[in-house]
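Note: the block below is start_32.txt and it holds compact mmCIF, C-alpha atoms.
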```
# COMPACT_ATOMS: atom_id res chain seq x y z
CA PHE S 1 0.00 0.00 0.00
CA SER S 2 2.67 2.46 1.04
CA LYS S 3 4.76 1.76 -2.05
CA THR S 4 1.93 2.13 -4.58
CA LEU S 5 -0.97 4.29 -3.35
CA TYR S 6 0.57 6.47 -0.66
CA PRO S 7 2.84 8.56 -2.94
CA SER S 8 -0.07 9.22 -5.32
CA LEU S 9 -2.42 10.15 -2.48
CA GLN S 10 0.23 12.39 -0.96
CA LYS S 11 0.76 14.19 -4.28
CA ALA S 12 -2.99 14.56 -4.84
CA CYS S 13 -3.52 16.03 -1.34
CA PHE S 14 -0.61 18.41 -1.80
CA THR S 15 -2.01 19.60 -5.16
CA LEU S 16 -5.48 20.18 -3.68
CA LYS S 17 -4.07 22.14 -0.74
CA CYS S 18 -1.95 24.25 -3.09
CA GLU S 19 -5.05 25.07 -5.15
CA ASP S 20 -6.93 26.05 -1.99
CA ALA S 21 -4.02 28.24 -0.89
CA GLU S 22 -3.93 29.93 -4.31
CA LYS S 23 -7.65 30.69 -4.18
CA ASP S 24 -7.27 32.09 -0.66
CA SER S 25 -4.32 34.26 -1.67
CA ILE S 26 -6.21 35.63 -4.68
CA LEU S 27 -9.22 36.36 -2.46
CA VAL S 28 -7.03 38.28 0.01
CA PHE S 29 -5.56 40.36 -2.81
CA ALA S 30 -9.02 41.08 -4.24
CA LYS S 31 -10.36 42.21 -0.84
CA ASN S 32 -7.38 44.49 -0.27
CA LEU S 33 -7.69 45.95 -3.75
CA ALA S 34 -11.42 46.58 -3.24
CA ASN S 35 -10.75 48.46 0.01
CA LEU S 36 -7.97 50.46 -1.60
CA LEU S 37 -10.10 51.42 -4.60
CA MET S 38 -12.98 52.39 -2.32
CA ALA S 39 -10.75 54.56 -0.10
CA PRO S 40 -12.31 57.97 0.68
CA PRO S 41 -11.33 60.71 -1.79
CA ALA S 42 -10.31 64.23 -0.83
CA GLY S 43 -12.56 65.38 -3.65
CA ALA S 44 -12.56 68.40 -5.93
CA ALA S 45 -9.75 70.48 -4.46
CA VAL S 46 -6.49 71.91 -5.76
CA VAL S 47 -3.65 69.60 -4.75
CA MET S 48 0.12 69.97 -4.72
CA GLY S 49 1.71 66.57 -5.23
CA ILE S 50 5.26 66.07 -4.01
CA ASP S 51 7.46 63.11 -4.92
CA PRO S 52 10.19 63.34 -2.23
CA GLY S 53 13.88 62.77 -2.91
CA PHE S 54 17.27 63.55 -1.40
CA ARG S 55 19.93 63.82 -4.10
CA THR S 56 17.61 64.50 -7.05
CA GLY S 57 15.33 66.83 -5.10
CA CYS S 58 11.56 66.84 -4.54
CA LYS S 59 9.40 67.01 -7.66
CA ILE S 60 6.28 69.18 -7.31
CA ALA S 61 3.18 69.01 -9.49
CA ILE S 62 0.01 71.11 -9.18
CA VAL S 63 -3.37 69.73 -10.28
CA ASP S 64 -6.57 71.76 -10.18
CA ALA S 65 -9.91 70.72 -8.68
CA THR S 66 -10.81 68.76 -11.83
CA GLY S 67 -7.48 66.91 -11.84
CA GLN S 68 -5.92 68.91 -14.68
CA TYR S 69 -2.15 69.38 -14.52
CA LYS S 70 -1.17 73.04 -14.08
CA ASP S 71 2.47 73.49 -13.09
CA THR S 72 5.67 71.82 -11.86
CA ALA S 73 8.88 72.65 -10.01
CA THR S 74 11.83 70.94 -8.33
CA ILE S 75 12.95 71.91 -4.83
CA TYR S 76 15.85 70.77 -2.62
CA PRO S 77 14.77 71.34 1.01
CA VAL S 78 16.36 68.19 2.45
CA PRO S 79 19.96 66.93 2.71
CA PRO S 80 22.41 66.88 1.04
CA HIS S 81 21.37 70.19 -0.62
CA SER S 82 19.23 71.71 2.17
CA LYS S 83 18.22 74.74 0.10
CA ILE S 84 15.42 75.53 2.50
CA LYS S 85 14.86 79.24 1.76
CA GLU S 86 14.75 78.72 -2.00
CA ALA S 87 12.40 75.78 -1.61
CA GLU S 88 10.14 77.73 0.77
CA ALA S 89 9.85 80.59 -1.72
CA VAL S 90 8.80 78.19 -4.50
CA VAL S 91 6.22 76.38 -2.35
CA LEU S 92 4.69 79.63 -1.04
CA HIS S 93 4.46 81.06 -4.54
CA MET S 94 2.71 77.97 -5.91
CA ILE S 95 0.30 77.75 -2.96
CA ALA S 96 -0.70 81.40 -3.43
CA THR S 97 -0.87 81.23 -7.22
CA TYR S 98 -3.09 78.15 -7.43
CA ASN S 99 -4.92 78.41 -4.09
CA VAL S 100 -3.70 74.97 -2.99
CA ARG S 101 -5.93 73.14 -0.47
CA TYR S 102 -4.00 69.90 0.09
CA ILE S 103 -0.36 68.88 -0.20
CA ALA S 104 0.05 65.19 -1.03
CA ILE S 105 3.47 63.83 -0.09
CA GLY S 106 4.59 60.41 -1.31
CA ASN S 107 5.63 58.02 1.47
CA GLY S 108 8.92 57.02 -0.18
CA THR S 109 12.50 58.08 0.57
CA GLY S 110 12.63 61.55 2.10
CA SER S 111 8.93 61.61 2.96
CA LYS S 112 9.39 62.35 6.66
CA GLU S 113 11.87 65.15 6.06
CA THR S 114 9.70 66.69 3.35
CA MET S 115 6.64 66.57 5.60
CA GLN S 116 8.54 68.38 8.39
CA PHE S 117 9.63 71.05 5.90
CA ILE S 118 6.06 71.57 4.69
CA LYS S 119 4.64 71.65 8.22
CA THR S 120 7.20 74.30 9.21
CA ILE S 121 6.10 76.51 6.30
CA ILE S 122 2.40 76.07 7.08
CA LYS S 123 2.94 76.95 10.75
CA ALA S 124 5.23 79.92 10.07
CA HIS S 125 2.84 81.51 7.56
CA THR S 126 -0.47 80.32 9.08
CA LEU S 127 -1.60 78.68 5.86
CA SER S 128 -4.97 76.96 5.40
CA VAL S 129 -3.34 73.97 3.73
CA THR S 130 -3.49 70.34 4.85
CA PRO S 131 -0.44 68.09 4.26
CA VAL S 132 -1.20 64.38 3.82
CA VAL S 133 1.15 61.42 3.34
CA VAL S 134 0.04 59.31 0.37
CA ASN S 135 1.04 55.71 -0.39
CA GLU S 136 3.05 55.97 -3.60
CA SER S 137 3.34 52.22 -4.33
CA GLY S 138 3.13 51.73 -8.08
CA ALA S 139 3.57 55.43 -8.92
CA SER S 140 6.89 54.71 -10.66
CA VAL S 141 5.21 51.91 -12.63
CA TYR S 142 2.51 54.34 -13.78
CA SER S 143 5.09 57.02 -14.66
CA ALA S 144 6.74 54.75 -17.22
CA SER S 145 3.50 53.22 -18.54
CA ASP S 146 1.85 53.80 -21.91
CA ILE S 147 -1.07 55.46 -20.12
CA ALA S 148 1.24 58.04 -18.51
CA VAL S 149 2.97 58.68 -21.84
CA ALA S 150 -0.41 59.22 -23.50
CA GLU S 151 -1.52 61.60 -20.74
CA TYR S 152 1.72 63.47 -19.97
CA GLY S 153 4.22 62.42 -22.61
CA HIS S 154 5.60 65.97 -22.75
CA LEU S 155 6.57 65.87 -19.07
CA ASP S 156 9.53 64.26 -17.33
CA ILE S 157 8.87 60.82 -15.86
CA THR S 158 9.48 62.11 -12.31
CA VAL S 159 6.86 64.84 -12.75
CA ARG S 160 4.34 62.21 -13.83
CA GLY S 161 4.96 60.48 -10.49
CA ALA S 162 4.17 63.68 -8.58
CA ILE S 163 0.97 64.13 -10.62
CA SER S 164 -0.06 60.56 -9.79
CA ILE S 165 0.51 61.19 -6.07
CA ALA S 166 -1.71 64.30 -6.23
CA HIS S 167 -4.42 62.42 -8.12
CA ARG S 168 -4.36 59.59 -5.57
CA LEU S 169 -5.37 62.03 -2.87
CA GLN S 170 -8.12 63.58 -4.98
CA ASP S 171 -9.62 60.27 -6.10
CA PRO S 172 -7.80 56.98 -5.33
CA LEU S 173 -10.06 54.93 -7.60
CA ALA S 174 -9.63 57.12 -10.68
CA GLU S 175 -5.83 56.99 -10.38
CA LEU S 176 -5.23 53.43 -9.24
CA VAL S 177 -7.15 51.94 -12.18
CA LYS S 178 -4.26 53.13 -14.36
CA ILE S 179 -1.79 50.85 -12.55
CA ASP S 180 -1.34 47.09 -12.69
CA PRO S 181 -2.82 45.96 -9.34
CA LYS S 182 0.17 43.69 -8.71
CA ALA S 183 2.37 46.81 -8.53
CA ILE S 184 0.30 48.38 -5.75
CA GLY S 185 1.68 46.04 -3.06
CA VAL S 186 -1.43 44.89 -1.22
CA GLY S 187 -1.33 41.16 -1.97
CA GLN S 188 -0.25 37.95 -0.29
CA TYR S 189 2.12 35.72 -2.30
CA GLN S 190 0.58 37.20 -5.46
CA HIS S 191 3.58 36.35 -7.64
CA ASP S 192 3.33 32.64 -6.78
CA VAL S 193 -0.29 32.04 -7.76
CA ASN S 194 -2.05 31.36 -11.07
CA GLN S 195 -1.58 34.65 -12.88
CA THR S 196 -4.58 34.23 -15.17
CA GLN S 197 -6.94 33.61 -12.26
CA LEU S 198 -5.37 36.50 -10.35
CA LYS S 199 -5.81 38.89 -13.27
CA ASP S 200 -9.45 37.84 -13.77
CA ALA S 201 -10.22 38.32 -10.06
CA LEU S 202 -8.56 41.73 -9.88
CA THR S 203 -10.22 42.93 -13.09
CA SER S 204 -13.62 41.85 -11.75
CA THR S 205 -12.91 43.61 -8.44
CA THR S 206 -11.93 46.83 -10.19
CA GLU S 207 -15.01 46.74 -12.44
CA SER S 208 -17.25 46.26 -9.41
CA ALA S 209 -15.68 49.21 -7.58
CA VAL S 210 -15.88 51.54 -10.59
CA ASN S 211 -19.48 50.66 -11.40
CA ALA S 212 -20.53 50.88 -7.73
CA ILE S 213 -19.27 54.47 -7.49
CA GLY S 214 -20.09 55.64 -11.00
CA VAL S 215 -18.01 57.88 -13.25
CA ASP S 216 -18.27 61.53 -14.22
CA ILE S 217 -18.04 61.18 -18.00
CA ASN S 218 -16.85 64.78 -18.38
CA THR S 219 -13.72 64.32 -16.27
CA ALA S 220 -12.96 60.57 -16.39
CA SER S 221 -9.78 59.24 -17.99
CA ALA S 222 -9.81 56.60 -20.70
CA ALA S 223 -8.42 54.06 -18.23
CA LEU S 224 -11.33 54.66 -15.84
CA LEU S 225 -13.98 54.57 -18.57
CA THR S 226 -12.66 51.22 -19.80
CA TYR S 227 -13.96 49.54 -16.63
CA ILE S 228 -17.53 50.75 -17.22
CA ALA S 229 -19.87 48.03 -18.49
CA GLY S 230 -20.31 48.29 -22.27
CA ILE S 231 -17.27 50.53 -22.81
CA GLY S 232 -13.98 49.11 -24.08
CA PRO S 233 -10.61 50.80 -24.76
CA ALA S 234 -11.61 51.96 -28.27
CA ILE S 235 -14.91 53.54 -27.16
CA ALA S 236 -13.19 55.11 -24.14
CA GLN S 237 -10.75 56.88 -26.46
CA ASN S 238 -13.68 57.98 -28.64
CA VAL S 239 -15.38 59.50 -25.57
CA LEU S 240 -12.27 61.57 -24.84
CA ALA S 241 -11.93 62.63 -28.47
CA TYR S 242 -15.60 63.67 -28.62
CA ARG S 243 -15.27 65.56 -25.33
CA GLU S 244 -12.18 67.40 -26.54
CA LYS S 245 -13.84 68.39 -29.83
CA ASN S 246 -17.36 69.23 -28.63
CA GLY S 247 -16.91 70.14 -24.98
CA PRO S 248 -18.56 68.45 -21.97
CA PHE S 249 -21.63 66.26 -22.35
CA GLN S 250 -24.81 68.11 -21.43
CA ASP S 251 -27.09 65.10 -20.93
CA ARG S 252 -27.08 61.31 -21.13
CA LYS S 253 -28.74 61.28 -24.56
CA SER S 254 -25.77 63.10 -26.10
CA ILE S 255 -23.52 60.15 -25.14
CA LEU S 256 -25.07 58.31 -28.11
CA LYS S 257 -23.22 60.73 -30.41
CA VAL S 258 -19.89 59.13 -29.50
CA PRO S 259 -18.61 57.11 -32.48
CA LYS S 260 -19.06 53.31 -32.09
CA LEU S 261 -21.06 53.75 -28.86
CA GLY S 262 -24.30 52.24 -30.13
CA PRO S 263 -27.67 51.74 -28.43
CA LYS S 264 -26.63 48.45 -26.80
CA ALA S 265 -23.42 49.90 -25.31
CA HIS S 266 -25.36 52.99 -24.25
CA GLU S 267 -27.95 50.85 -22.49
CA GLN S 268 -25.24 48.94 -20.60
CA SER S 269 -23.09 51.90 -19.63
CA VAL S 270 -25.34 54.93 -19.15
CA GLY S 271 -26.53 53.97 -15.66
CA PHE S 272 -22.94 54.14 -14.41
CA LEU S 273 -22.10 57.45 -16.11
CA ARG S 274 -22.79 60.73 -14.31
CA ILE S 275 -23.21 64.24 -15.71
CA LYS S 276 -22.74 66.93 -13.10
CA GLY S 277 -24.97 69.99 -13.42
CA ALA S 278 -27.18 68.42 -16.10
CA LYS S 279 -30.56 70.00 -16.84
CA ASN S 280 -32.23 66.75 -15.78
CA PRO S 281 -31.03 66.03 -12.21
CA LEU S 282 -31.52 62.29 -12.82
CA ASP S 283 -28.55 62.40 -15.20
CA ASP S 284 -26.34 62.72 -12.11
CA SER S 285 -27.72 59.60 -10.46
CA ALA S 286 -27.57 55.82 -10.69
CA ILE S 287 -31.13 55.73 -12.05
CA HIS S 288 -31.17 54.36 -15.60
CA PRO S 289 -32.85 56.50 -18.28
CA GLU S 290 -35.25 53.61 -18.89
CA SER S 291 -36.71 54.43 -15.45
CA TYR S 292 -37.02 58.20 -15.99
CA THR S 293 -40.65 57.88 -17.13
CA LEU S 294 -41.42 55.86 -14.00
CA VAL S 295 -39.87 58.53 -11.75
CA GLU S 296 -41.86 61.19 -13.57
CA ARG S 297 -45.05 59.19 -12.85
CA MET S 298 -44.13 58.96 -9.18
CA ALA S 299 -43.56 62.70 -8.97
CA LYS S 300 -46.79 63.44 -10.81
CA ASP S 301 -48.81 61.09 -8.57
CA ILE S 302 -47.75 62.94 -5.42
CA GLN S 303 -48.06 66.28 -7.25
CA VAL S 304 -44.50 67.59 -7.04
CA PRO S 305 -41.86 68.32 -9.72
CA ILE S 306 -38.92 65.92 -9.93
CA LYS S 307 -36.49 68.56 -8.59
CA THR S 308 -38.62 68.87 -5.46
CA LEU S 309 -38.81 65.10 -5.08
CA ILE S 310 -35.04 64.56 -5.14
CA GLY S 311 -33.55 64.49 -1.66
CA ASN S 312 -36.94 65.06 -0.01
CA ARG S 313 -37.42 62.13 2.35
CA GLU S 314 -40.92 63.22 3.36
CA LYS S 315 -42.16 63.27 -0.24
CA ILE S 316 -40.34 60.07 -1.21
CA ASN S 317 -41.94 58.25 1.74
CA GLN S 318 -45.35 59.21 0.32
CA ILE S 319 -44.70 57.12 -2.79
CA ALA S 320 -46.59 53.80 -2.67
CA LEU S 321 -43.90 51.71 -4.37
CA SER S 322 -46.08 48.59 -4.56
CA GLN S 323 -48.45 50.22 -7.05
CA TYR S 324 -45.60 50.57 -9.57
CA VAL S 325 -44.66 46.88 -9.58
CA SER S 326 -45.04 45.35 -13.06
CA ASP S 327 -43.86 42.42 -15.15
CA THR S 328 -40.66 44.29 -16.00
CA ILE S 329 -39.86 45.98 -12.68
CA GLY S 330 -40.01 44.47 -9.21
CA LEU S 331 -40.22 45.92 -5.71
CA PRO S 332 -36.45 45.60 -4.98
CA THR S 333 -35.66 47.71 -8.06
CA LEU S 334 -38.25 50.28 -7.00
CA GLN S 335 -36.70 50.44 -3.54
CA ASP S 336 -33.29 51.03 -5.15
CA ILE S 337 -34.77 53.89 -7.18
CA ALA S 338 -36.32 55.42 -4.05
CA ASN S 339 -33.00 55.17 -2.19
CA GLU S 340 -31.18 56.81 -5.08
CA LEU S 341 -33.74 59.64 -5.16
CA LEU S 342 -32.86 60.35 -1.53
CA LYS S 343 -29.17 60.86 -2.33
CA PRO S 344 -28.67 61.07 -6.10
CA GLY S 345 -25.06 61.01 -7.22
CA VAL S 346 -23.75 60.84 -3.65
CA ASP S 347 -20.39 59.08 -3.46
CA PRO S 348 -20.85 55.82 -1.50
CA ARG S 349 -17.31 56.00 -0.18
CA ALA S 350 -16.67 57.03 3.42
CA GLU S 351 -15.77 60.55 4.51
CA PHE S 352 -12.17 61.54 3.78
CA ARG S 353 -9.78 60.86 6.69
CA TYR S 354 -6.00 60.74 6.93
CA ALA S 355 -3.34 59.67 9.42
CA THR S 356 -0.92 62.08 11.09
CA PHE S 357 2.50 60.63 11.87
CA ALA S 358 4.30 61.56 15.10
CA GLU S 359 6.74 64.42 14.44
CA ALA S 360 9.28 63.18 17.00
CA ILE S 361 9.59 59.75 15.37
CA ASP S 362 11.92 59.78 12.35
CA ASP S 363 13.55 56.37 12.39
CA ILE S 364 12.90 52.86 13.64
CA ALA S 365 15.56 53.49 16.32
CA ASP S 366 13.31 56.23 17.80
CA LEU S 367 10.57 53.71 18.60
CA LYS S 368 10.10 52.48 22.19
CA GLU S 369 7.83 49.83 23.61
CA GLY S 370 4.51 51.21 24.76
CA MET S 371 4.45 54.17 22.37
CA GLN S 372 1.00 55.00 21.04
CA LEU S 373 1.11 56.22 17.45
CA GLU S 374 -1.14 56.91 14.49
CA GLY S 375 -0.59 55.12 11.21
CA VAL S 376 -2.25 53.92 8.04
CA VAL S 377 -2.84 50.30 7.01
CA THR S 378 -0.79 49.41 3.93
CA ASN S 379 -1.58 45.70 3.59
CA VAL S 380 -3.84 43.08 5.17
CA THR S 381 -3.00 39.37 5.13
CA ASN S 382 -4.50 36.30 6.76
CA PHE S 383 -1.98 36.51 9.58
CA GLY S 384 -2.27 40.22 10.36
CA ALA S 385 -2.00 43.76 9.03
CA PHE S 386 0.95 45.97 8.11
CA VAL S 387 0.88 49.61 9.17
CA ASP S 388 2.96 52.60 8.04
CA ILE S 389 3.83 54.72 11.09
CA GLY S 390 6.25 57.06 9.32
CA VAL S 391 9.61 55.35 9.84
CA HIS S 392 10.08 53.86 6.34
CA GLN S 393 9.44 50.39 7.73
CA ASP S 394 5.93 49.03 8.16
CA GLY S 395 5.04 47.43 11.47
CA LEU S 396 3.01 44.23 11.81
CA ILE S 397 -0.12 43.84 13.89
CA HIS S 398 -0.45 40.09 14.31
CA ILE S 399 -3.98 38.75 14.01
CA SER S 400 -3.91 37.92 17.72
CA LYS S 401 -3.31 41.62 18.50
CA LEU S 402 -5.98 43.11 16.23
CA SER S 403 -8.74 42.93 18.82
CA LYS S 404 -9.44 42.08 22.43
CA THR S 405 -11.81 39.43 21.11
CA PHE S 406 -11.05 36.45 18.85
CA VAL S 407 -10.53 37.40 15.19
CA LYS S 408 -11.18 34.67 12.63
CA ASN S 409 -10.78 36.86 9.56
CA THR S 410 -8.50 39.92 9.53
CA HIS S 411 -10.66 41.64 6.91
CA ASP S 412 -13.56 41.71 9.36
CA CYS S 413 -11.89 44.33 11.52
CA ILE S 414 -9.30 46.22 9.47
CA ALA S 415 -8.90 47.46 5.89
CA VAL S 416 -6.16 48.76 3.60
CA GLY S 417 -5.90 52.56 3.64
CA GLU S 418 -7.61 52.88 7.02
CA PRO S 419 -6.07 55.28 9.60
CA VAL S 420 -5.48 53.41 12.87
CA GLN S 421 -4.17 53.97 16.40
CA VAL S 422 -1.45 51.48 17.32
CA THR S 423 0.76 50.61 20.28
CA VAL S 424 4.39 49.52 19.84
CA LEU S 425 4.92 46.08 21.39
CA ALA S 426 8.49 45.31 20.32
CA VAL S 427 11.23 46.72 18.07
CA ASP S 428 14.20 44.91 16.53
CA VAL S 429 16.35 47.59 14.90
CA ALA S 430 18.90 45.14 13.48
CA LEU S 431 16.28 43.04 11.70
CA LYS S 432 14.02 46.06 11.04
CA ARG S 433 11.02 44.40 12.63
CA ILE S 434 8.25 46.31 14.40
CA GLN S 435 5.50 44.56 16.33
CA LEU S 436 2.33 46.59 16.89
```
Before we go any further, please render this structure as structure tokens.
Amino acid sequence: FSKTLYPSLQKACFTLKCEDAEKDSILVFAKNLANLLMAPPAGAAVVMGIDPGFRTGCKIAIVDATGQYKDTATIYPVPPHSKIKEAEAVVLHMIATYNVRYIAIGNGTGSKETMQFIKTIIKAHTLSVTPVVVNESGASVYSASDIAVAEYGHLDITVRGAISIAHRLQDPLAELVKIDPKAIGVGQYQHDVNQTQLKDALTSTTESAVNAIGVDINTASAALLTYIAGIGPAIAQNVLAYREKNGPFQDRKSILKVPKLGPKAHEQSVGFLRIKGAKNPLDDSAIHPESYTLVERMAKDIQVPIKTLIGNREKINQIALSQYVSDTIGLPTLQDIANELLKPGVDPRAEFRYATFAEAIDDIADLKEGMQLEGVVTNVTNFGAFVDIGVHQDGLIHISKLSKTFVKNTHDCIAVGEPVQVTVLAVDVALKRIQL
């Protein structure tokens, strides 16, 4: 028995367990990616993106409230150059010129020193500007990609990185869809699993996130539009070309004028496309145009115009949804329509929050047991979560230390991109290990 069947059974069991492990690893990556894509956006605000650096300096890029690139500069406020006065003059000029609201600083080399420099300026001049550290994983991959060349081919590759950092603060989803998910660094053994299955799972996750939030067709990039149901790369480029030639879309019907975007593609995609400031307020909602007539009936039956109905809980509660049930539309769909009327076009993502790193902690050697710090979750695995606390080395919260109660699944209590309060349990400077 042992000489004939046992080796085969052993191999079969090993293969099955490997397949299970692969599926689990892919699932972990997909969950992390979903949380990262659904991270709260800072929104429509002017942002100064800074890609920190020592020898080559810090690259600055300004993007306006709609995400359009405006200006760039290179400063040298940190060693070995330490041209602090010159750098301060440049930053102050750009903040005043473009009315900057946020400063997004990449969390790479020189991040801590750059943040201290920016905070000093803000304090000295009493500026109404908020500095935020942004995870820059994958920014260099984007900078050298075909998408970046198509968008900013006339700019230096380092400036593209600074633009990406600024965009990540404004809208993480819109920027991260331009990057291969495997380059973002939120997986678990992702390079050892079936790459086809991994790609399919991550593509599906991205599509779900994009369609759940919806896309402003007048500001979306081609990369973002590609993930909308019914729109492929060719149609996405046609949308941009039409927008550039004819200006912004005024209503959802005009989307049909895009070359190669036929009735079928329009039917699939239009419910996920938003038009801000449209004459018909329903064009900035998740309600499909096929249901517009139904909404008009609802408004007419309770004797109010549609504009009065939108956002008016009292009036919406007066609608007897059951009387609109038909062979083609059921009660669950009607309830979805009613919920969307309450908050049309409202971003389902949480309110924007960010972590503030301790100013006195610059290096892993500065950490002491018992310290309570603020950080941001950079990765979640089955055995725990990694947290950036501003010392260029992520600390690990083991699954047993995530909660005072038993945790079966790490994703039940913590998510990538989430600001958290942590306590330092142990530090090994030589091995660069931090237990939180």
Give me the residues near Glu207 of chain S as a short mmCIF file (atom, residue, chain, number, x, y, z; two decimals) with C-alpha atoms, in the coordinates of the input, where near means some atom within 9 Å (using all atoms listed in the file) and where sequence neighbours in that chain fewer than 3 positions away do not count.
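Saved to selection12.cif:
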```cif
data_model
loop_
_atom_site.label_atom_id
_atom_site.label_comp_id
_atom_site.auth_asym_id
_atom_site.auth_seq_id
_atom_site.Cartn_x
_atom_site.Cartn_y
_atom_site.Cartn_z
CA LEU S 202 -8.56 41.73 -9.88
CA THR S 203 -10.22 42.93 -13.09
CA SER S 204 -13.62 41.85 -11.75
CA VAL S 210 -15.88 51.54 -10.59
CA ASN S 211 -19.48 50.66 -11.40
CA ALA S 212 -20.53 50.88 -7.73
CA THR S 226 -12.66 51.22 -19.80
CA TYR S 227 -13.96 49.54 -16.63
CA ILE S 228 -17.53 50.75 -17.22
CA ALA S 229 -19.87 48.03 -18.49
#
```
Skipping near chain neighbours, those fewer than 3 positions away, what residues fall within 7 Å of Gln188 of chain S using all atoms listed in the file, listed as a ChimeraX atom specification? /S:25,28-29,381
Mind writing the picked residues with C-alpha atoms as an mmCIF file, keeping the file's coordinate frame?
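The new file part_13.cif reads:
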```
data_model
loop_
_atom_site.group_PDB
_atom_site.id
_atom_site.type_symbol
_atom_site.label_atom_id
_atom_site.label_comp_id
_atom_site.auth_asym_id
_atom_site.auth_seq_id
_atom_site.Cartn_x
_atom_site.Cartn_y
_atom_site.Cartn_z
ATOM 1 C CA SER S 25 -4.320 34.260 -1.670
ATOM 2 C CA VAL S 28 -7.030 38.280 0.010
ATOM 3 C CA PHE S 29 -5.560 40.360 -2.810
ATOM 4 C CA THR S 381 -3.000 39.370 5.130
#
```
Pick out the residues sitting within 12 Å of Gln323 of chain S, and hand them over as a short mmCIF file (atom, residue, chain, number, x, y, z; two decimals) with C-alpha atoms, in the frame of the given file; count only C-alpha atoms, and ignore anything fewer than 3 positions along from it in its own chain.
```cif
data_model
loop_
_atom_site.label_atom_id
_atom_site.label_comp_id
_atom_site.auth_asym_id
_atom_site.auth_seq_id
_atom_site.Cartn_x
_atom_site.Cartn_y
_atom_site.Cartn_z
CA LEU S 294 -41.42 55.86 -14.00
CA ARG S 297 -45.05 59.19 -12.85
CA MET S 298 -44.13 58.96 -9.18
CA ASP S 301 -48.81 61.09 -8.57
CA ILE S 319 -44.70 57.12 -2.79
CA ALA S 320 -46.59 53.80 -2.67
CA SER S 326 -45.04 45.35 -13.06
CA ILE S 329 -39.86 45.98 -12.68
CA GLY S 330 -40.01 44.47 -9.21
CA LEU S 331 -40.22 45.92 -5.71
CA LEU S 334 -38.25 50.28 -7.00
#
```
For Ala415 of chain S, which residue among S:Ala234, S:Leu282, S:Leu92, S:Val376 is the nearest when counting only C-alpha atoms? S:Val376
If you count only C-alpha atoms, which residues fall within 10 Å of Ala241 of chain S, apart from same-chain ones fewer than 5 positions away, as a VMD selection string? chain S and resid 235 to 236 246 to 247 258 to 259
Atoms kept (C-alpha atoms) for selection, written as an mmCIF file, in the coordinates of the input:
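For reference, out29.cif as written:
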```
data_model
loop_
_atom_site.group_PDB
_atom_site.id
_atom_site.type_symbol
_atom_site.label_atom_id
_atom_site.label_comp_id
_atom_site.auth_asym_id
_atom_site.auth_seq_id
_atom_site.Cartn_x
_atom_site.Cartn_y
_atom_site.Cartn_z
ATOM 1 C CA ILE S 235 -14.910 53.540 -27.160
ATOM 2 C CA ALA S 236 -13.190 55.110 -24.140
ATOM 3 C CA ASN S 246 -17.360 69.230 -28.630
ATOM 4 C CA GLY S 247 -16.910 70.140 -24.980
ATOM 5 C CA VAL S 258 -19.890 59.130 -29.500
ATOM 6 C CA PRO S 259 -18.610 57.110 -32.480
#
```
